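K.L.:
entry07.tsv is reproduced in full below (TSV, C-alpha atoms and all ligand atoms).
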```tsv
chain	number	residue	atom	x	y	z
Y	27	MET	CA	3.41	24.78	12.98
Y	28	ALA	CA	4.11	22.18	15.64
Y	29	ASP	CA	7.55	20.60	15.85
Y	30	LEU	CA	7.64	17.07	14.42
Y	31	GLU	CA	10.48	16.11	16.75
Y	32	GLU	CA	8.06	16.66	19.63
Y	33	VAL	CA	4.83	15.53	17.97
Y	34	LEU	CA	5.97	12.05	16.88
Y	35	PRO	CA	7.32	10.76	20.23
Y	36	ALA	CA	4.24	12.16	21.99
Y	37	LEU	CA	2.01	10.40	19.45
Y	38	ALA	CA	3.90	7.11	19.86
Y	39	ALA	CA	3.59	7.37	23.66
Y	40	GLU	CA	-0.13	8.11	23.39
Y	41	MET	CA	-0.70	5.16	21.03
Y	42	ALA	CA	1.24	2.81	23.35
Y	43	GLU	CA	-1.34	3.50	26.05
Y	44	ARG	CA	-4.40	2.68	23.98
Y	45	THR	CA	-6.18	-0.60	24.43
Y	46	ASP	CA	-8.57	-0.30	21.44
Y	47	ARG	CA	-6.00	-1.65	19.00
Y	48	GLY	CA	-8.23	-3.62	16.56
Y	49	ASP	CA	-7.55	-7.19	15.45
Y	50	VAL	CA	-4.53	-8.52	13.57
Y	51	ALA	CA	-5.18	-10.08	10.16
Y	52	ASN	CA	-5.34	-13.72	11.17
Y	53	TYR	CA	-6.82	-14.85	7.83
Y	54	ILE	CA	-3.14	-14.92	6.83
Y	55	PRO	CA	-1.83	-17.22	9.61
Y	56	GLN	CA	1.67	-15.73	9.62
Y	57	LEU	CA	0.28	-12.20	10.15
Y	58	GLY	CA	-1.89	-13.50	12.99
Y	59	LYS	CA	1.31	-14.05	15.01
Y	60	ILE	CA	2.30	-10.36	15.09
Y	61	ASP	CA	2.26	-8.54	18.43
Y	62	PRO	CA	-0.61	-5.99	18.34
Y	63	GLN	CA	1.26	-3.74	20.80
Y	64	ARG	CA	3.70	-2.64	18.09
Y	65	PHE	CA	3.49	0.95	16.88
Y	66	GLY	CA	5.91	2.83	14.67
Y	67	ILE	CA	5.86	6.04	12.67
Y	68	ALA	CA	8.34	7.77	10.36
Y	69	VAL	CA	8.09	10.97	8.37
Y	70	ALA	CA	10.44	11.69	5.45
Y	71	LEU	CA	10.25	15.38	4.65
Y	72	THR	CA	11.00	16.67	1.19
Y	73	ASP	CA	13.75	18.82	2.73
Y	74	GLY	CA	15.64	15.58	3.47
Y	75	ARG	CA	14.95	15.23	7.18
Y	76	VAL	CA	13.53	11.98	8.54
Y	77	VAL	CA	11.83	11.99	11.92
Y	78	ALA	CA	10.71	8.72	13.53
Y	79	ALA	CA	9.29	7.35	16.75
Y	80	GLY	CA	8.22	4.05	18.34
Y	81	ASP	CA	9.03	0.83	16.46
Y	82	ALA	CA	9.94	2.75	13.29
Y	83	ASP	CA	12.88	0.47	12.45
Y	84	GLU	CA	11.10	-2.83	12.89
Y	85	THR	CA	10.04	-4.46	9.62
Y	86	PHE	CA	6.47	-5.58	8.96
Y	87	SER	CA	4.55	-7.05	6.03
Y	88	ILE	CA	3.61	-4.17	3.74
Y	89	GLN	CA	0.82	-6.23	2.08
Y	90	SER	CA	-1.39	-3.96	-0.06
Y	91	ILE	CA	0.90	-0.95	0.24
Y	92	SER	CA	2.95	-2.85	-2.38
Y	93	LYS	CA	0.09	-2.11	-4.78
Y	94	MET	CA	1.41	1.45	-5.04
Y	95	PHE	CA	4.75	0.02	-6.28
Y	96	THR	CA	3.09	-2.35	-8.75
Y	97	LEU	CA	0.71	0.29	-10.08
Y	98	THR	CA	3.62	2.68	-10.64
Y	99	LEU	CA	5.61	-0.03	-12.45
Y	100	ALA	CA	2.66	-1.16	-14.59
Y	101	LEU	CA	1.91	2.42	-15.68
Y	102	GLY	CA	5.57	2.70	-16.65
Y	103	LYS	CA	5.29	-0.50	-18.66
Y	104	VAL	CA	1.98	-0.07	-20.51
Y	105	GLY	CA	0.91	3.51	-19.75
Y	106	ASP	CA	-2.76	4.42	-20.11
Y	107	ALA	CA	-3.50	1.07	-21.78
Y	108	LEU	CA	-3.71	-0.22	-18.20
Y	109	TRP	CA	-7.10	1.47	-17.87
Y	110	ARG	CA	-8.60	-0.91	-20.41
Y	111	ARG	CA	-8.18	-3.70	-17.87
Y	112	VAL	CA	-8.64	-1.92	-14.53
Y	113	GLY	CA	-10.98	0.92	-13.52
Y	114	ARG	CA	-10.25	3.90	-11.34
Y	115	GLU	CA	-13.36	4.23	-9.23
Y	116	PRO	CA	-13.72	3.49	-5.54
Y	117	SER	CA	-15.36	0.11	-5.08
Y	118	GLY	CA	-17.31	0.76	-1.89
Y	119	ASN	CA	-16.73	-2.92	-1.17
Y	120	PRO	CA	-14.22	-4.89	0.90
Y	121	PHE	CA	-10.74	-5.32	-0.58
Y	122	ASN	CA	-11.29	-9.00	-1.37
Y	123	SER	CA	-14.87	-8.78	-2.67
Y	124	ILE	CA	-15.94	-10.57	-5.84
Y	125	VAL	CA	-19.45	-9.09	-6.19
Y	126	GLN	CA	-18.78	-6.35	-8.76
Y	127	LEU	CA	-16.74	-8.52	-11.10
Y	128	GLU	CA	-19.73	-10.28	-12.63
Y	129	ASN	CA	-21.66	-7.12	-13.52
Y	130	GLU	CA	-18.53	-5.37	-14.71
Y	131	GLN	CA	-17.24	-8.16	-17.00
Y	132	GLY	CA	-14.18	-9.03	-14.98
Y	133	ILE	CA	-12.80	-5.46	-14.98
Y	134	PRO	CA	-11.90	-4.64	-11.36
Y	135	ARG	CA	-12.96	-1.24	-10.05
Y	136	ASN	CA	-9.45	0.00	-9.24
Y	137	PRO	CA	-5.81	-1.15	-8.95
Y	138	PHE	CA	-5.83	-1.23	-5.13
Y	139	ILE	CA	-8.51	-3.82	-4.43
Y	140	ASN	CA	-7.20	-7.38	-4.65
Y	141	ALA	CA	-8.77	-8.11	-8.05
Y	142	GLY	CA	-7.28	-4.95	-9.54
Y	143	ALA	CA	-3.87	-5.62	-8.07
Y	144	ILE	CA	-3.88	-9.16	-9.46
Y	145	VAL	CA	-4.51	-7.74	-12.97
Y	146	VAL	CA	-1.69	-5.20	-12.44
Y	147	THR	CA	0.58	-8.09	-11.41
Y	148	ASP	CA	-0.43	-9.97	-14.56
Y	149	VAL	CA	0.70	-6.92	-16.57
Y	150	LEU	CA	4.09	-7.00	-14.82
Y	151	LEU	CA	4.47	-10.72	-15.56
Y	152	ALA	CA	4.35	-10.22	-19.33
Y	153	GLY	CA	7.67	-11.29	-20.85
Y	154	HIS	CA	9.03	-12.50	-17.50
Y	155	GLN	CA	9.29	-15.56	-15.34
Y	156	PRO	CA	7.47	-15.08	-11.98
Y	157	ARG	CA	10.85	-14.95	-10.20
Y	158	GLU	CA	11.99	-12.08	-12.43
Y	159	ALA	CA	8.76	-10.14	-11.91
Y	160	ILE	CA	9.08	-10.50	-8.12
Y	161	GLY	CA	12.69	-9.34	-8.39
Y	162	GLU	CA	11.70	-6.31	-10.44
Y	163	ILE	CA	9.09	-5.23	-7.88
Y	164	LEU	CA	11.47	-5.80	-4.96
Y	165	ARG	CA	14.28	-3.87	-6.65
Y	166	PHE	CA	11.89	-0.98	-7.31
Y	167	ALA	CA	11.01	-0.83	-3.58
Y	168	GLN	CA	14.74	-0.96	-2.73
Y	169	PHE	CA	15.51	1.77	-5.28
Y	170	LEU	CA	12.76	4.08	-4.00
Y	171	ALA	CA	13.78	3.59	-0.38
Y	172	ASP	CA	17.48	3.75	-1.30
Y	173	ASP	CA	17.98	0.59	0.73
Y	174	ASP	CA	18.93	-2.76	-0.77
Y	175	THR	CA	18.45	-4.68	2.47
Y	176	ILE	CA	14.67	-4.84	1.88
Y	177	ILE	CA	13.50	-8.43	1.33
Y	178	VAL	CA	10.44	-10.55	0.65
Y	179	ASP	CA	9.34	-12.52	3.71
Y	180	ARG	CA	8.91	-15.95	2.15
Y	181	GLU	CA	7.09	-17.37	5.17
Y	182	VAL	CA	4.38	-14.73	4.82
Y	183	ALA	CA	4.11	-15.40	1.08
Y	184	ALA	CA	3.82	-19.16	1.69
Y	185	SER	CA	1.30	-18.62	4.47
Y	186	GLU	CA	-0.93	-16.56	2.19
Y	187	GLN	CA	-0.45	-18.95	-0.73
Y	188	ALA	CA	-1.71	-21.79	1.46
Y	189	THR	CA	-4.87	-19.95	2.50
Y	190	GLY	CA	-5.61	-17.47	-0.32
Y	191	PHE	CA	-8.78	-19.14	-1.58
Y	192	ARG	CA	-10.59	-15.87	-2.19
Y	193	ASN	CA	-7.73	-14.55	-4.30
Y	194	VAL	CA	-7.76	-17.83	-6.25
Y	195	ALA	CA	-11.47	-17.26	-6.89
Y	196	LEU	CA	-10.90	-13.66	-8.02
Y	197	ALA	CA	-8.08	-14.64	-10.36
Y	198	ASN	CA	-9.99	-17.54	-11.89
Y	199	TYR	CA	-13.08	-15.40	-12.34
Y	200	MET	CA	-11.12	-12.71	-14.16
Y	201	LYS	CA	-9.38	-15.37	-16.25
Y	202	ALA	CA	-12.84	-16.58	-17.34
Y	203	PHE	CA	-13.58	-13.02	-18.55
Y	204	GLY	CA	-10.29	-12.91	-20.46
Y	205	ASN	CA	-8.76	-10.30	-18.16
Y	206	LEU	CA	-5.72	-12.36	-17.14
Y	207	GLN	CA	-3.05	-13.22	-19.68
Y	208	HIS	CA	-1.19	-15.70	-17.52
Y	209	ALA	CA	-2.27	-18.75	-15.58
Y	210	PRO	CA	-4.00	-17.60	-12.35
Y	211	GLU	CA	-1.46	-19.43	-10.19
Y	212	LEU	CA	1.43	-17.56	-11.81
Y	213	ALA	CA	-0.12	-14.11	-11.32
Y	214	LEU	CA	-1.08	-15.06	-7.75
Y	215	GLY	CA	2.41	-16.33	-6.95
Y	216	VAL	CA	3.89	-12.95	-7.87
Y	217	TYR	CA	1.05	-11.12	-6.08
Y	218	TYR	CA	1.60	-13.00	-2.79
Y	219	HIS	CA	5.33	-12.33	-2.92
Y	220	HIS	CA	5.04	-8.59	-3.51
Y	221	CYS	CA	2.46	-8.37	-0.70
Y	222	ALA	CA	5.00	-10.16	1.50
Y	223	ILE	CA	7.72	-7.51	1.07
Y	224	ALA	CA	8.86	-6.55	4.58
Y	225	MET	CA	9.77	-2.95	5.31
Y	226	SER	CA	10.12	-0.68	8.32
Y	227	CYS	CA	8.26	2.61	8.67
Y	228	ARG	CA	11.51	4.41	7.95
Y	229	GLN	CA	12.09	2.45	4.73
Y	230	LEU	CA	8.48	2.87	3.65
Y	231	ALA	CA	8.45	6.61	4.28
Y	232	MET	CA	11.64	6.89	2.20
Y	233	SER	CA	10.03	4.91	-0.62
Y	234	GLY	CA	7.12	7.38	-0.86
Y	235	ARG	CA	9.25	10.50	-1.21
Y	236	PHE	CA	8.85	10.68	-4.99
Y	237	LEU	CA	5.08	11.00	-4.59
Y	238	ALA	CA	5.52	13.88	-2.15
Y	239	HIS	CA	7.86	15.62	-4.56
Y	240	GLY	CA	6.13	15.74	-7.94
Y	241	GLY	CA	7.44	12.36	-9.09
Y	242	ARG	CA	11.11	13.08	-8.28
Y	243	ASN	CA	13.39	11.74	-5.60
Y	244	PRO	CA	14.00	14.89	-3.52
Y	245	ALA	CA	17.48	13.71	-2.49
Y	246	THR	CA	18.85	13.11	-5.98
Y	247	GLY	CA	16.45	15.13	-8.14
Y	248	HIS	CA	16.04	12.06	-10.36
Y	249	SER	CA	12.65	11.59	-11.93
Y	250	VAL	CA	10.79	8.38	-11.01
Y	251	VAL	CA	7.53	9.26	-12.78
Y	252	SER	CA	6.22	12.43	-14.42
Y	253	ALA	CA	4.58	15.03	-12.18
Y	254	GLU	CA	1.26	14.26	-13.85
Y	255	ARG	CA	1.56	10.55	-13.12
Y	256	ALA	CA	2.46	11.24	-9.49
Y	257	ARG	CA	-0.70	13.35	-9.16
Y	258	ARG	CA	-2.80	10.58	-10.63
Y	259	ILE	CA	-1.35	7.90	-8.36
Y	260	LEU	CA	-2.12	10.19	-5.42
Y	261	ALA	CA	-5.68	10.69	-6.66
Y	262	LEU	CA	-6.16	6.92	-6.69
Y	263	MET	CA	-4.65	6.61	-3.22
Y	264	LEU	CA	-7.06	9.21	-1.89
Y	265	THR	CA	-10.16	7.72	-3.51
Y	266	CYS	CA	-9.35	3.99	-3.32
Y	267	GLY	CA	-6.36	3.49	-0.97
Y	268	HIS	CA	-8.48	2.40	2.00
Y	269	TYR	CA	-11.11	0.32	0.14
Y	270	ASP	CA	-14.60	0.85	1.54
Y	271	GLY	CA	-13.03	3.03	4.24
Y	272	SER	CA	-11.54	5.50	1.73
Y	273	GLY	CA	-14.21	8.18	2.12
Y	274	ASP	CA	-14.00	8.10	5.88
Y	275	PHE	CA	-10.19	8.24	5.78
Y	276	ALA	CA	-10.27	11.27	3.44
Y	277	PHE	CA	-12.82	12.91	5.72
Y	278	ARG	CA	-10.85	12.29	8.88
Y	279	VAL	CA	-7.24	12.56	7.71
Y	280	GLY	CA	-7.39	14.45	4.41
Y	281	ILE	CA	-4.30	13.10	2.67
Y	282	PRO	CA	-3.81	10.39	-0.01
Y	283	ALA	CA	-2.74	7.14	1.59
Y	284	LYS	CA	-2.45	3.41	0.97
Y	285	SER	CA	-3.04	0.81	3.65
Y	286	GLY	CA	-2.18	-2.86	4.00
Y	287	VAL	CA	-3.50	-5.67	6.20
Y	288	GLY	CA	-0.09	-5.92	7.85
Y	289	GLY	CA	-1.19	-2.73	9.64
Y	290	GLY	CA	0.93	-0.28	7.68
Y	291	ILE	CA	-0.23	2.94	6.01
Y	292	LEU	CA	1.77	5.12	3.64
Y	293	GLY	CA	0.43	8.68	3.51
Y	294	ILE	CA	1.59	11.56	1.34
Y	295	VAL	CA	1.43	15.29	1.99
Y	296	PRO	CA	2.22	16.73	-1.46
Y	297	GLY	CA	5.22	19.02	-1.41
Y	298	VAL	CA	5.89	18.30	2.25
Y	299	ALA	CA	6.21	14.74	3.47
Y	300	SER	CA	5.92	10.99	3.02
Y	301	ILE	CA	4.61	9.33	6.18
Y	302	ALA	CA	4.61	5.67	7.17
Y	303	VAL	CA	2.80	4.38	10.23
Y	304	TRP	CA	2.42	0.84	11.53
Y	305	SER	CA	0.12	-0.71	14.10
Y	306	PRO	CA	-0.91	-4.32	13.30
Y	307	GLY	CA	-4.48	-4.25	14.66
Y	308	LEU	CA	-7.08	-3.53	11.97
Y	309	ASN	CA	-10.49	-1.85	11.94
Y	310	GLU	CA	-13.61	-3.29	10.29
Y	311	ASN	CA	-12.43	-2.24	6.80
Y	312	GLY	CA	-9.07	-4.00	7.16
Y	313	ASN	CA	-7.14	-0.77	7.69
Y	314	SER	CA	-4.82	-0.14	10.64
Y	315	ARG	CA	-6.98	1.11	13.47
Y	316	LEU	CA	-4.37	3.05	15.43
Y	317	GLY	CA	-2.47	3.91	12.27
Y	318	SER	CA	-5.50	5.79	10.96
Y	319	ILE	CA	-6.04	7.50	14.31
Y	320	ALA	CA	-2.36	8.47	14.55
Y	321	LEU	CA	-2.42	9.93	11.03
Y	322	GLU	CA	-5.55	11.90	11.86
Y	323	LYS	CA	-3.86	13.35	14.93
Y	324	LEU	CA	-0.60	14.03	13.11
Y	325	ALA	CA	-2.35	15.78	10.20
Y	326	ARG	CA	-4.26	17.94	12.64
Y	327	ALA	CA	-1.18	18.82	14.70
Y	328	MET	CA	0.86	19.73	11.61
Y	329	ASN	CA	-2.07	21.27	9.72
Y	330	TRP	CA	-1.46	18.85	6.84
Y	331	SER	CA	-4.28	18.31	4.34
Y	332	VAL	CA	-4.73	18.29	0.59
Y	333	PHE	CA	-7.91	20.30	1.14
Y	334	ALA	CA	-6.27	23.33	2.74
Y	335	PRO	CA	-3.40	25.58	1.66
X	1	LIG	N1	-2.22	-10.01	0.47
X	1	LIG	C1	-3.44	-9.51	1.02
X	1	LIG	C2	-4.65	-10.22	0.42
X	1	LIG	O1	-4.62	-10.53	-0.70
X	1	LIG	C3	-3.51	-8.05	0.79
X	1	LIG	C4	-4.76	-7.42	1.33
X	1	LIG	C5	-4.55	-6.07	1.94
X	1	LIG	O2	-3.48	-5.70	2.39
X	1	LIG	N2	-5.65	-5.35	2.05
X	1	LIG	O3	-5.62	-10.49	1.03
```
Could you spell out this file's structure in structure tokens?
Ligand code: GLN

P.N.:
Amino acid sequence: MADLEEVLPALAAEMAERTDRGDVANYIPQLGKIDPQRFGIAVALTDGRVVAAGDADETFSIQSISKMFTLTLALGKVGDALWRRVGREPSGNPFNSIVQLENEQGIPRNPFINAGAIVVTDVLLAGHQPREAIGEILRFAQFLADDDTIIVDREVAASEQATGFRNVALANYMKAFGNLQHAPELALGVYYHHCAIAMSCRQLAMSGRFLAHGGRNPATGHSVVSAERARRILALMLTCGHYDGSGDFAFRVGIPAKSGVGGGILGIVPGVASIAVWSPGLNENGNSRLGSIALEKLARAMNWSVFAP
């Protein structure tokens, strides 16, 4: 097997040279200001080592990668009852699409598209003020990464709140079907803030270790979720983590992963590693263009795949 200490810097150098970097997500004005030249990657191995290269310590907006945190928390809160309100099928549609909601009575296809994540957020709001729910999600990210310096970038949250008309439509539509318990603006407020959590590749890779290690933190041995739940979260990441690009990502990279429009991707090699990569330019499905390419190259170099021993 190739040596990660050599592979990652070489990959970062190769990615720095590329000019086909995609486009930053300027539908959220604050994200439109990010320098597309940035590239970072970090790998947290289950043996405790962390190897990083490029801008791995620079924080970025994790956006939809936070939907892994919220899904994990919501399953902890309501268990399988969650599946009465959210499906677990790939949507084959863009992350912010409304088209399936009418035919499917306001039940979003999966917890990783925007509609599904807004329902998951509504679950986390139950019994809490929005501020408390945001705090709970942030503390969970800090706990998983073992780093309490992680914060919510309030400017990004405000920027999305000011322009999130599609999300307002999704939330109102689901409310009309009776699939939101709280006022749409409350669920959306929490949703925008958890999407606006800022983390570095190193912090994000650390936060995914429990998924690479059967639901346990490999450093402490403490259980975060059961092994079965970890497997199921990974199954959803593989099938739905890249929206209408999920099939192509599985084909090219072959590991479960969750992307965000901030240009980050969290990928998991079960038993081996939690990987975070960041390059702000996106492809046509809203997934990091160079991030996907870097993960494809890394998986090939290390022979990492869930489809091979
Ligand atoms: N906050 C973003 C949105 O709602 C998240 C989308 C994403 O990362 N794919 O549009």

K.L.:
With only C-alpha atoms as the atoms that count, which of Y:Ala159, Y:Leu97, Y:Ile139, Y:Ala188 lies nearest to Y:Gly271?

P.N.:
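Selected residue with least distance to Y:Gly271: Y:Ile139.
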
K.L.:
Using only the atoms of stretch 101-105 of chain Y listed in the file, plus 5 Å on each side, state the axis-aligned box centre and edge lengths in Å rounded to one decimal, as AutoDock Vina command-line options.

P.N.:
```
--center_x 3.2 --center_y 1.5 --center_z -18.1 --size_x 14.7 --size_y 14.0 --size_z 14.8
```

K.L.:
Got a sec to check which residues lie within 10 Å of ligand LIG 1 (chain X), using all atoms listed in the file, and send them as a PyMOL selection string?

P.N.:
chain Y and resi 51+53-54+87-93+120-122+138-141+143-144+182-183+186-187+189-194+214+217-222+267-269+284-291+311-313

K.L.:
Closest to Y:Ala299 among Y:Pro282, Y:Gly113, Y:Gly66, Y:Gly215, using all atoms listed in the file?

P.N.:
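Among the listed residues, Y:Pro282 lies closest to Y:Ala299.
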
K.L.:
At a cut-off of 10 Å, using all atoms listed in the file, what residues contact Y:Gly317? Leave out same-chain residues fewer than 6 positions from it and give the result as number ranges by chain.

P.N.:
Y: 41, 47, 65-67, 285, 289-292, 302-309, 323

K.L.:
Between Y:Arg110, Y:Arg44, Y:Arg135, Y:Lys201, which one has atoms that come closest to Y:Ala320, using all atoms listed in the file?

P.N.:
Y:Arg44

K.L.:
Could you name the residues that touch Y:Val295 at 9 Å or less, counting only C-alpha atoms, but leaving out those on the same chain fewer than 3 positions away, as a PyMOL selection string?

P.N.:
chain Y and resi 237-238+281-282+298-301+330-332

K.L.:
I'd like to know which of Y:Leu127, Y:Leu316, Y:Ala152, Y:Val250 is closest to Y:Ala38, using only C-alpha atoms.

P.N.:
Y:Leu316

K.L.:
When you look at Y:Leu324 with a cut-off of 9 Å (counting only C-alpha atoms), what residues show up, excluding the ones that are within fewer than 3 positions of it in the same chain? I need them as a ChimeraX atom specification.

P.N.:
/Y:30,33-34,37,279,319-321,327-330

K.L.:
Check the smallest atom-to-atom distance from each of Y:Asp81, Y:Ile163, Y:Glu158, Y:Gly74 to Y:Ala39 using only C-alpha atoms, then report the winner.

P.N.:
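For Y:Ala39, the nearest of the given residues is Y:Asp81.
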
K.L.:
From the list Y:Met200, Y:Ala36, Y:Leu264, Y:Val50, which residue is nearest Y:Glu310 when using only C-alpha atoms?

P.N.:
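Ranking Y:Met200, Y:Ala36, Y:Leu264, Y:Val50 by distance to Y:Glu310, first place goes to Y:Val50.
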
K.L.:
Write out as a list in words the residues lying within 9 Å of Y:Leu151, counting all atoms listed in the file and excluding same-chain residues fewer than 6 positions away.

P.N.:
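That gives Glu158, Ala159, Ile160, Gln207, His208, Leu212, Ala213 and Val216 of chain Y.
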
K.L.:
What is the distance between atom CA of Y:Gly297 and atom CA of Y:Cys266, in Å to one decimal?

P.N.:
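Value for the atom CA of Y:Gly297-atom CA of Y:Cys266 distance: 21.0 Å.
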
K.L.:
So that I can see what lies close to Y:Val125, please list as a ChimeraX atom specification the residues with an atom at most 12 Å from it, counting all atoms listed in the file and leaving out residues fewer than 5 positions away in the same chain.

P.N.:
/Y:117-120,130-135,141,192,195-196,199

K.L.:
Which distance in Å separates atom CA of Y:Pro156 and atom CA of Y:Ile177, to one decimal?

P.N.:
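Calculated distance between atom CA of Y:Pro156 and atom CA of Y:Ile177 is 16.1 Å.
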
K.L.:
Where atoms are absent from stretch 31-50 of chain Y, fill them in so it carries N, CA, C and O atoms, then output it as a compact mmCIF listing (two decimals), in the frame of the given file.

P.N.:
```
# COMPACT_ATOMS: atom_id res chain seq x y z
N GLU Y 31 9.61 16.81 15.80
CA GLU Y 31 10.48 16.11 16.75
C GLU Y 31 9.79 15.94 18.11
O GLU Y 31 10.16 15.06 18.89
N GLU Y 32 8.82 16.81 18.38
CA GLU Y 32 8.06 16.66 19.63
C GLU Y 32 6.77 15.88 19.39
O GLU Y 32 6.35 15.08 20.23
N VAL Y 33 6.14 16.13 18.23
CA VAL Y 33 4.83 15.53 17.97
C VAL Y 33 4.93 14.00 17.85
O VAL Y 33 4.11 13.28 18.44
N LEU Y 34 5.94 13.50 17.12
CA LEU Y 34 5.97 12.05 16.88
C LEU Y 34 6.20 11.21 18.14
O LEU Y 34 5.46 10.25 18.37
N PRO Y 35 7.18 11.56 18.99
CA PRO Y 35 7.32 10.76 20.23
C PRO Y 35 6.08 10.85 21.11
O PRO Y 35 5.68 9.84 21.73
N ALA Y 36 5.45 12.01 21.16
CA ALA Y 36 4.24 12.16 21.99
C ALA Y 36 3.12 11.27 21.43
O ALA Y 36 2.40 10.61 22.18
N LEU Y 37 3.03 11.23 20.11
CA LEU Y 37 2.01 10.40 19.45
C LEU Y 37 2.28 8.92 19.73
O LEU Y 37 1.37 8.15 20.05
N ALA Y 38 3.55 8.52 19.62
CA ALA Y 38 3.90 7.11 19.86
C ALA Y 38 3.59 6.74 21.31
O ALA Y 38 3.06 5.64 21.59
N ALA Y 39 3.87 7.65 22.24
CA ALA Y 39 3.59 7.37 23.66
C ALA Y 39 2.08 7.26 23.88
O ALA Y 39 1.61 6.36 24.60
N GLU Y 40 1.33 8.14 23.23
CA GLU Y 40 -0.13 8.11 23.39
C GLU Y 40 -0.69 6.80 22.81
O GLU Y 40 -1.56 6.16 23.42
N MET Y 41 -0.19 6.39 21.67
CA MET Y 41 -0.70 5.16 21.03
C MET Y 41 -0.33 3.92 21.84
O MET Y 41 -1.07 2.94 21.86
N ALA Y 42 0.81 3.96 22.53
CA ALA Y 42 1.24 2.81 23.35
C ALA Y 42 0.25 2.55 24.48
O ALA Y 42 0.08 1.41 24.92
N GLU Y 43 -0.40 3.61 24.93
CA GLU Y 43 -1.34 3.50 26.05
C GLU Y 43 -2.68 2.92 25.65
O GLU Y 43 -3.44 2.44 26.49
N ARG Y 44 -3.02 3.00 24.38
CA ARG Y 44 -4.40 2.68 23.98
C ARG Y 44 -4.65 1.18 23.99
O ARG Y 44 -3.79 0.38 23.62
N THR Y 45 -5.84 0.83 24.36
CA THR Y 45 -6.18 -0.60 24.43
C THR Y 45 -7.08 -1.00 23.25
O THR Y 45 -7.22 -2.19 22.96
N ASP Y 46 -7.66 -0.02 22.57
CA ASP Y 46 -8.57 -0.30 21.44
C ASP Y 46 -7.73 -0.44 20.17
O ASP Y 46 -7.74 0.41 19.29
N ARG Y 47 -7.01 -1.56 20.05
CA ARG Y 47 -6.00 -1.65 19.00
C ARG Y 47 -6.49 -2.37 17.75
O ARG Y 47 -5.74 -2.52 16.79
N GLY Y 48 -7.73 -2.87 17.72
CA GLY Y 48 -8.23 -3.62 16.56
C GLY Y 48 -7.71 -5.05 16.60
O GLY Y 48 -7.09 -5.48 17.57
N ASP Y 49 -7.93 -5.77 15.52
CA ASP Y 49 -7.55 -7.19 15.45
C ASP Y 49 -6.54 -7.42 14.34
O ASP Y 49 -6.72 -6.92 13.23
N VAL Y 50 -5.51 -8.22 14.62
CA VAL Y 50 -4.53 -8.52 13.57
C VAL Y 50 -5.18 -9.41 12.51
O VAL Y 50 -6.16 -10.11 12.78
```
